[in-house]
Amino acid sequence: MTMRVSAVAHGKINLHLGVSAAREDGYHDLETIFQSVALEERVDLQEVPPGEQVKVTVSGRDSHLVPTDPSNLAVRAVAAVQQWYARQTVSAVPQVSIHMHKGVPVAGGMAGGSADAAAALVAAIEFYGNQHPETSQLPAPEREEVHRMAAALGADVPFCVLGGTALGTGRGDELVSVMARGHYHWAIATDKRGLSTPKVFAQLDKMRESGRSLSKAGSSDELIRVLHSGDPEELAPLLVNDLQAPAISLLPSLRETLAAAQEAEALASIVSGSGPTIAMLCRDAEHAVDVATAVSVAGKASSTMTTFSPAGPARIITAHTEGE
Ligand code: C5P
């Protein structure tokens, strides 16, 4: 008898990302509007019989860049749920192998790692809480405990669990869902050099300290209002990201991709989160293909793709037992 559970979670774009001064704990308070995109990460958990080896494997986009050691966010998410159950029982908690199938660019500012963590968390809660005959008898973590586990894994993980459109404050992990009509279409340009999120935040602090003039995102109220209309032309001028200038200062060639997007008549282009992925807002799906093609031909991006937003929450896609 082998139990398997699979879950998916989506990457994100920050439509508005306002960053305050660094806090004592090294994090920055944010005012951000997250929107999930249709690019997704899938995490499969499979029961491992006692004594057999637990495996961690990765396939899909950029999979060779993903560590499979205990630092992997999906591994840490499963471990957090196992630790919860270990505290509820004297018996050994059943072990699982983890497979990730990646669809979100790695180290790109689109929360690929956080989506792995979110999918793994949701899958592990289903596996241990609802499916496994031993652990499903034990008290399951409550909603607040799941949120606490998600936030401890990373600031973007709670949003990857929630999906849709949300206002994030605090570290970005205090969330309120926002009403949004319709779908937005995007061309996405990746840069395989990646950017480290802490370095981009540190660069913003440095640029602010040195007084290099930097625009600061104001309130997100107007953007929230415009999301009710579903009109990309109205949304375009409101896209803003305080991390864009530091990302470009660390990777100046991003300017060329932004210029190529403008040339291709994207409605607006923005560095996604801490970058270096660039999200280009388009009129519709066909326009997104045209912009992605033009930016690809311009030759500055490592790869291009298209997607739409918003997508939904992290969710279970299969849960079954084989060989009963
Ligand atoms: O929480 P997560 O591990 O995803 O954050 C990665 C890094 O990004 C943090 O260590 C911190 O340097 C930076 N960060 C921040 N303020 C936030 C979110 C992330 O400074 N609100």
# chains A, B, ... in the order shown; residues from 1 in each chain; ligands from 1
>>> residues_near_ligand(ligand="ligand 1", cutoff="9 Å", atoms="only C-alpha atoms and all ligand atoms", output="PyMOL selection string")
chain A and resi 19-20+22-23+25-30+111+113-114+151-157+169-173+196-202+274
>>> residues_around(residues="His183 (chain A)", least_positions_apart="3", cutoff="7 Å", atoms="only C-alpha atoms", output="MDAnalysis selection string")
chainID A and resid 230 308:310
>>> select_by_dssp(residues="region 96-251 of chain A", states="alpha helix (DSSP H)", output="PyMOL selection string")
chain A and resi 112-126+143-153+157-162+197-209+221-227+232-235+244-250
>>> residues_around(residues="region 37-40 of chain A", least_positions_apart="4", cutoff="7 Å", atoms="only C-alpha atoms", output="tab-separated table (two decimals) with N, CA and C atoms, in the first residue's frame")
chain	number	residue	atom	x	y	z
A	8	VAL	N	-0.50	21.72	-5.92
A	8	VAL	CA	0.15	22.78	-6.72
A	8	VAL	C	-0.01	24.12	-5.99
A	9	ALA	N	0.95	25.01	-6.25
A	9	ALA	CA	0.86	26.40	-5.79
A	9	ALA	C	1.46	27.27	-6.89
A	10	HIS	N	1.03	28.53	-6.90
A	10	HIS	CA	1.38	29.42	-8.01
A	10	HIS	C	2.47	30.42	-7.65
A	11	GLY	N	3.18	30.89	-8.68
A	11	GLY	CA	4.09	32.02	-8.51
A	11	GLY	C	3.30	33.31	-8.41
A	12	LYS	N	4.00	34.44	-8.22
A	12	LYS	CA	3.29	35.72	-8.04
A	12	LYS	C	4.03	36.85	-8.73
A	13	ILE	N	3.26	37.91	-8.92
A	13	ILE	CA	3.82	39.20	-9.33
A	13	ILE	C	3.39	40.20	-8.27
A	102	LYS	N	8.81	21.95	-11.43
A	102	LYS	CA	8.87	23.41	-11.40
A	102	LYS	C	8.35	24.06	-12.68
A	103	GLY	N	7.55	25.12	-12.48
A	103	GLY	CA	7.07	25.91	-13.62
A	103	GLY	C	7.40	27.38	-13.48
A	104	VAL	N	7.84	27.80	-12.29
A	104	VAL	CA	8.12	29.21	-12.00
A	104	VAL	C	9.63	29.41	-12.11
A	307	THR	N	1.91	34.35	-19.42
A	307	THR	CA	1.03	33.81	-18.38
A	307	THR	C	-0.11	34.79	-18.15
A	308	PHE	N	-0.98	34.46	-17.21
A	308	PHE	CA	-2.04	35.41	-16.84
A	308	PHE	C	-2.20	35.40	-15.32
A	309	SER	N	-2.85	36.45	-14.83
A	309	SER	CA	-3.12	36.55	-13.40
A	309	SER	C	-4.56	37.03	-13.22
A	310	PRO	N	-5.22	36.82	-12.09
A	310	PRO	CA	-4.75	36.02	-10.98
A	310	PRO	C	-5.03	34.53	-11.18
A	311	ALA	N	-4.25	33.70	-10.45
A	311	ALA	CA	-4.55	32.26	-10.36
A	311	ALA	C	-5.09	32.00	-8.95
>>> atom_distance(atom1="CA of Pro105 (chain A)", atom2="CA of Ser272 (chain A)")
11.1 Å
>>> atom_distance(atom1="CA of Gly275 (chain A)", atom2="CA of Val291 (chain A)")
18.9 Å
>>> residues_around(residues="region 55-57 of chain A", least_positions_apart="3", cutoff="8 Å", atoms="only C-alpha atoms", output="list in words")
Thr68, Asp69, Val75, Val96, Ser97, Ile98, His99 and Met100 of chain A
>>> closest_residue(among="A:Asn130, A:Ser253, A:Gln53, A:Thr306", to="Leu281 (chain A)", atoms="only C-alpha atoms")
A:Thr306
>>> closest_residue(among="A:Leu138, A:Met179, A:Ala279, A:Ala245", to="Thr304 (chain A)", atoms="only C-alpha atoms")
A:Ala279
>>> residues_around(residues="Ile278 (chain A)", least_positions_apart="6", cutoff="10 Å", atoms="only C-alpha atoms", output="compact mmCIF listing (two decimals) with C-alpha atoms, in the first residue's frame")
# COMPACT_ATOMS: atom_id res chain seq x y z
CA ILE A 13 3.82 39.20 -9.33
CA GLY A 108 13.55 35.36 -10.31
CA GLY A 109 11.39 37.30 -7.85
CA MET A 110 8.25 35.31 -8.67
CA TRP A 186 1.71 39.08 -19.12
CA ALA A 187 4.85 38.41 -21.07
CA ILE A 188 7.64 37.31 -18.73
CA ALA A 189 11.38 37.68 -19.38
CA THR A 190 13.79 35.74 -17.17
CA ASP A 191 17.47 36.34 -16.56
CA GLN A 244 13.28 47.89 -9.25
CA LEU A 254 17.87 44.68 -17.16
CA THR A 257 15.06 44.12 -21.51
CA LEU A 258 12.83 46.93 -20.19
CA ALA A 261 9.48 45.62 -23.80
CA SER A 269 6.95 46.62 -17.59
CA ILE A 270 8.11 46.04 -14.07
CA VAL A 271 10.81 44.07 -12.27
CA SER A 272 8.95 41.27 -10.47
CA ALA A 301 16.45 37.84 -21.80
CA THR A 304 10.49 34.40 -22.27
>>> residues_around(residues="Lys192 (chain A)", least_positions_apart="6", cutoff="10 Å", atoms="only C-alpha atoms", output="number ranges by chain")
A: 62, 65, 105-108, 276-277, 301-303
>>> write_last_selection(atoms="all heavy atoms", output="JSON list (two decimals), in the first residue's frame")
[["chain", "number", "residue", "atom", "x", "y", "z"],
["A", 62, "ASP", "N", 14.39, 24.96, -15.00],
["A", 62, "ASP", "CA", 15.56, 25.33, -14.17],
["A", 62, "ASP", "C", 15.82, 24.33, -13.03],
["A", 62, "ASP", "O", 16.39, 24.70, -12.00],
["A", 62, "ASP", "CB", 15.39, 26.72, -13.51],
["A", 62, "ASP", "CG", 15.17, 27.85, -14.50],
["A", 62, "ASP", "OD1", 15.56, 27.68, -15.68],
["A", 62, "ASP", "OD2", 14.63, 28.89, -14.10],
["A", 65, "LEU", "N", 19.01, 24.00, -10.94],
["A", 65, "LEU", "CA", 19.44, 25.07, -10.04],
["A", 65, "LEU", "C", 18.89, 24.90, -8.61],
["A", 65, "LEU", "O", 19.21, 25.69, -7.73],
["A", 65, "LEU", "CB", 18.95, 26.43, -10.57],
["A", 65, "LEU", "CG", 19.47, 26.86, -11.95],
["A", 65, "LEU", "CD1", 18.79, 28.15, -12.40],
["A", 65, "LEU", "CD2", 20.98, 27.04, -11.91],
["A", 105, "PRO", "N", 10.09, 30.50, -12.76],
["A", 105, "PRO", "CA", 11.53, 30.72, -12.86],
["A", 105, "PRO", "C", 12.21, 30.72, -11.48],
["A", 105, "PRO", "O", 11.65, 31.25, -10.52],
["A", 105, "PRO", "CB", 11.64, 32.11, -13.50],
["A", 105, "PRO", "CG", 10.33, 32.33, -14.20],
["A", 105, "PRO", "CD", 9.30, 31.56, -13.42],
["A", 106, "VAL", "N", 13.41, 30.13, -11.40],
["A", 106, "VAL", "CA", 14.15, 30.04, -10.13],
["A", 106, "VAL", "C", 14.87, 31.37, -9.86],
["A", 106, "VAL", "O", 15.42, 31.98, -10.77],
["A", 106, "VAL", "CB", 15.17, 28.88, -10.20],
["A", 106, "VAL", "CG1", 16.11, 28.89, -9.00],
["A", 106, "VAL", "CG2", 14.44, 27.54, -10.27],
["A", 107, "ALA", "N", 14.87, 31.80, -8.59],
["A", 107, "ALA", "CA", 15.58, 33.02, -8.13],
["A", 107, "ALA", "C", 15.23, 34.22, -8.99],
["A", 107, "ALA", "O", 16.07, 35.06, -9.29],
["A", 107, "ALA", "CB", 17.09, 32.80, -8.12],
["A", 108, "GLY", "N", 13.95, 34.30, -9.38],
["A", 108, "GLY", "CA", 13.55, 35.36, -10.31],
["A", 108, "GLY", "C", 12.69, 36.45, -9.71],
["A", 108, "GLY", "O", 12.35, 37.40, -10.38],
["A", 276, "PRO", "N", 15.48, 38.98, -10.94],
["A", 276, "PRO", "CA", 15.56, 39.84, -12.11],
["A", 276, "PRO", "C", 14.48, 39.59, -13.17],
["A", 276, "PRO", "O", 14.54, 40.18, -14.24],
["A", 276, "PRO", "CB", 16.94, 39.49, -12.69],
["A", 276, "PRO", "CG", 17.10, 38.04, -12.38],
["A", 276, "PRO", "CD", 16.40, 37.83, -11.06],
["A", 277, "THR", "N", 13.49, 38.73, -12.88],
["A", 277, "THR", "CA", 12.44, 38.52, -13.88],
["A", 277, "THR", "C", 11.69, 39.83, -14.13],
["A", 277, "THR", "O", 11.43, 40.59, -13.18],
["A", 277, "THR", "CB", 11.46, 37.44, -13.37],
["A", 277, "THR", "OG1", 12.20, 36.24, -13.20],
["A", 277, "THR", "CG2", 10.34, 37.18, -14.38],
["A", 301, "ALA", "N", 17.02, 38.71, -22.83],
["A", 301, "ALA", "CA", 16.45, 37.84, -21.80],
["A", 301, "ALA", "C", 16.97, 36.42, -21.98],
["A", 301, "ALA", "O", 17.28, 36.00, -23.10],
["A", 301, "ALA", "CB", 14.93, 37.86, -21.90],
["A", 302, "SER", "N", 17.06, 35.65, -20.86],
["A", 302, "SER", "CA", 17.48, 34.24, -20.97],
["A", 302, "SER", "C", 16.36, 33.42, -21.58],
["A", 302, "SER", "O", 16.60, 32.48, -22.33],
["A", 302, "SER", "CB", 17.82, 33.69, -19.60],
["A", 302, "SER", "OG", 18.82, 34.45, -19.01],
["A", 303, "SER", "N", 15.13, 33.71, -21.19],
["A", 303, "SER", "CA", 13.98, 33.03, -21.79],
["A", 303, "SER", "C", 12.75, 33.92, -21.62],
["A", 303, "SER", "O", 12.76, 34.84, -20.79],
["A", 303, "SER", "CB", 13.73, 31.67, -21.13],
["A", 303, "SER", "OG", 13.27, 31.86, -19.82]]
>>> decode(residues="region 63-74 of chain A", atoms="all heavy atoms", output="mmCIF file, in the first residue's frame")
data_model
loop_
_atom_site.group_PDB
_atom_site.id
_atom_site.type_symbol
_atom_site.label_atom_id
_atom_site.label_comp_id
_atom_site.auth_asym_id
_atom_site.auth_seq_id
_atom_site.Cartn_x
_atom_site.Cartn_y
_atom_site.Cartn_z
ATOM 1 N N SER A 63 15.383 23.062 -13.190
ATOM 2 C CA SER A 63 15.433 22.151 -12.039
ATOM 3 C C SER A 63 16.868 21.925 -11.550
ATOM 4 O O SER A 63 17.084 21.683 -10.359
ATOM 5 C CB SER A 63 14.763 20.825 -12.369
ATOM 6 O OG SER A 63 15.316 20.290 -13.536
ATOM 7 N N HIS A 64 17.860 22.047 -12.458
ATOM 8 C CA HIS A 64 19.249 21.816 -12.045
ATOM 9 C C HIS A 64 19.737 22.877 -11.054
ATOM 10 O O HIS A 64 20.759 22.689 -10.395
ATOM 11 C CB HIS A 64 20.166 21.781 -13.281
ATOM 12 C CG HIS A 64 20.155 23.066 -14.056
ATOM 13 N ND1 HIS A 64 19.070 23.468 -14.813
ATOM 14 C CD2 HIS A 64 21.075 24.050 -14.147
ATOM 15 C CE1 HIS A 64 19.330 24.653 -15.352
ATOM 16 N NE2 HIS A 64 20.530 25.019 -14.968
ATOM 17 N N LEU A 65 19.013 23.996 -10.940
ATOM 18 C CA LEU A 65 19.438 25.073 -10.036
ATOM 19 C C LEU A 65 18.891 24.900 -8.610
ATOM 20 O O LEU A 65 19.211 25.686 -7.730
ATOM 21 C CB LEU A 65 18.946 26.435 -10.572
ATOM 22 C CG LEU A 65 19.467 26.857 -11.946
ATOM 23 C CD1 LEU A 65 18.794 28.148 -12.402
ATOM 24 C CD2 LEU A 65 20.985 27.036 -11.910
ATOM 25 N N VAL A 66 18.051 23.876 -8.418
ATOM 26 C CA VAL A 66 17.350 23.768 -7.136
ATOM 27 C C VAL A 66 18.069 22.790 -6.213
ATOM 28 O O VAL A 66 18.291 21.643 -6.590
ATOM 29 C CB VAL A 66 15.896 23.286 -7.375
ATOM 30 C CG1 VAL A 66 15.153 23.117 -6.064
ATOM 31 C CG2 VAL A 66 15.170 24.277 -8.274
ATOM 32 N N PRO A 67 18.432 23.219 -4.985
ATOM 33 C CA PRO A 67 19.090 22.290 -4.056
ATOM 34 C C PRO A 67 18.092 21.246 -3.551
ATOM 35 O O PRO A 67 16.905 21.554 -3.389
ATOM 36 C CB PRO A 67 19.529 23.205 -2.900
ATOM 37 C CG PRO A 67 18.565 24.343 -2.928
ATOM 38 C CD PRO A 67 18.182 24.538 -4.381
ATOM 39 N N THR A 68 18.571 20.021 -3.312
ATOM 40 C CA THR A 68 17.666 18.988 -2.782
ATOM 41 C C THR A 68 18.041 18.629 -1.336
ATOM 42 O O THR A 68 17.583 17.629 -0.802
ATOM 43 C CB THR A 68 17.707 17.725 -3.663
ATOM 44 O OG1 THR A 68 19.069 17.336 -3.807
ATOM 45 C CG2 THR A 68 17.098 17.984 -5.035
ATOM 46 N N ASP A 69 18.871 19.476 -0.726
ATOM 47 C CA ASP A 69 19.288 19.231 0.660
ATOM 48 C C ASP A 69 18.237 19.806 1.629
ATOM 49 O O ASP A 69 17.220 20.339 1.188
ATOM 50 C CB ASP A 69 20.693 19.827 0.887
ATOM 51 C CG ASP A 69 20.713 21.337 0.660
ATOM 52 O OD1 ASP A 69 19.648 21.973 0.794
ATOM 53 O OD2 ASP A 69 21.783 21.879 0.347
ATOM 54 N N PRO A 70 18.513 19.718 2.947
ATOM 55 C CA PRO A 70 17.486 20.191 3.905
ATOM 56 C C PRO A 70 17.184 21.691 3.825
ATOM 57 O O PRO A 70 16.236 22.161 4.457
ATOM 58 C CB PRO A 70 18.090 19.827 5.273
ATOM 59 C CG PRO A 70 19.049 18.722 4.985
ATOM 60 C CD PRO A 70 19.610 18.998 3.624
ATOM 61 N N SER A 71 17.951 22.454 3.042
ATOM 62 C CA SER A 71 17.645 23.888 2.899
ATOM 63 C C SER A 71 16.479 24.114 1.930
ATOM 64 O O SER A 71 15.904 25.196 1.884
ATOM 65 C CB SER A 71 18.873 24.652 2.382
ATOM 66 O OG SER A 71 19.101 24.336 1.011
ATOM 67 N N ASN A 72 16.166 23.102 1.130
ATOM 68 C CA ASN A 72 15.058 23.229 0.169
ATOM 69 C C ASN A 72 13.751 23.554 0.911
ATOM 70 O O ASN A 72 13.415 22.917 1.915
ATOM 71 C CB ASN A 72 14.934 21.914 -0.610
ATOM 72 C CG ASN A 72 13.838 21.972 -1.638
ATOM 73 O OD1 ASN A 72 12.672 22.045 -1.298
ATOM 74 N ND2 ASN A 72 14.223 21.949 -2.908
ATOM 75 N N LEU A 73 13.032 24.547 0.420
ATOM 76 C CA LEU A 73 11.842 25.021 1.147
ATOM 77 C C LEU A 73 10.729 23.975 1.231
ATOM 78 O O LEU A 73 9.984 23.939 2.205
ATOM 79 C CB LEU A 73 11.315 26.311 0.516
ATOM 80 C CG LEU A 73 12.009 27.600 0.975
ATOM 81 C CD1 LEU A 73 11.526 28.783 0.140
ATOM 82 C CD2 LEU A 73 11.758 27.865 2.448
ATOM 83 N N ALA A 74 10.604 23.130 0.210
ATOM 84 C CA ALA A 74 9.584 22.068 0.268
ATOM 85 C C ALA A 74 9.964 21.050 1.341
ATOM 86 O O ALA A 74 9.107 20.567 2.097
ATOM 87 C CB ALA A 74 9.435 21.395 -1.096
#
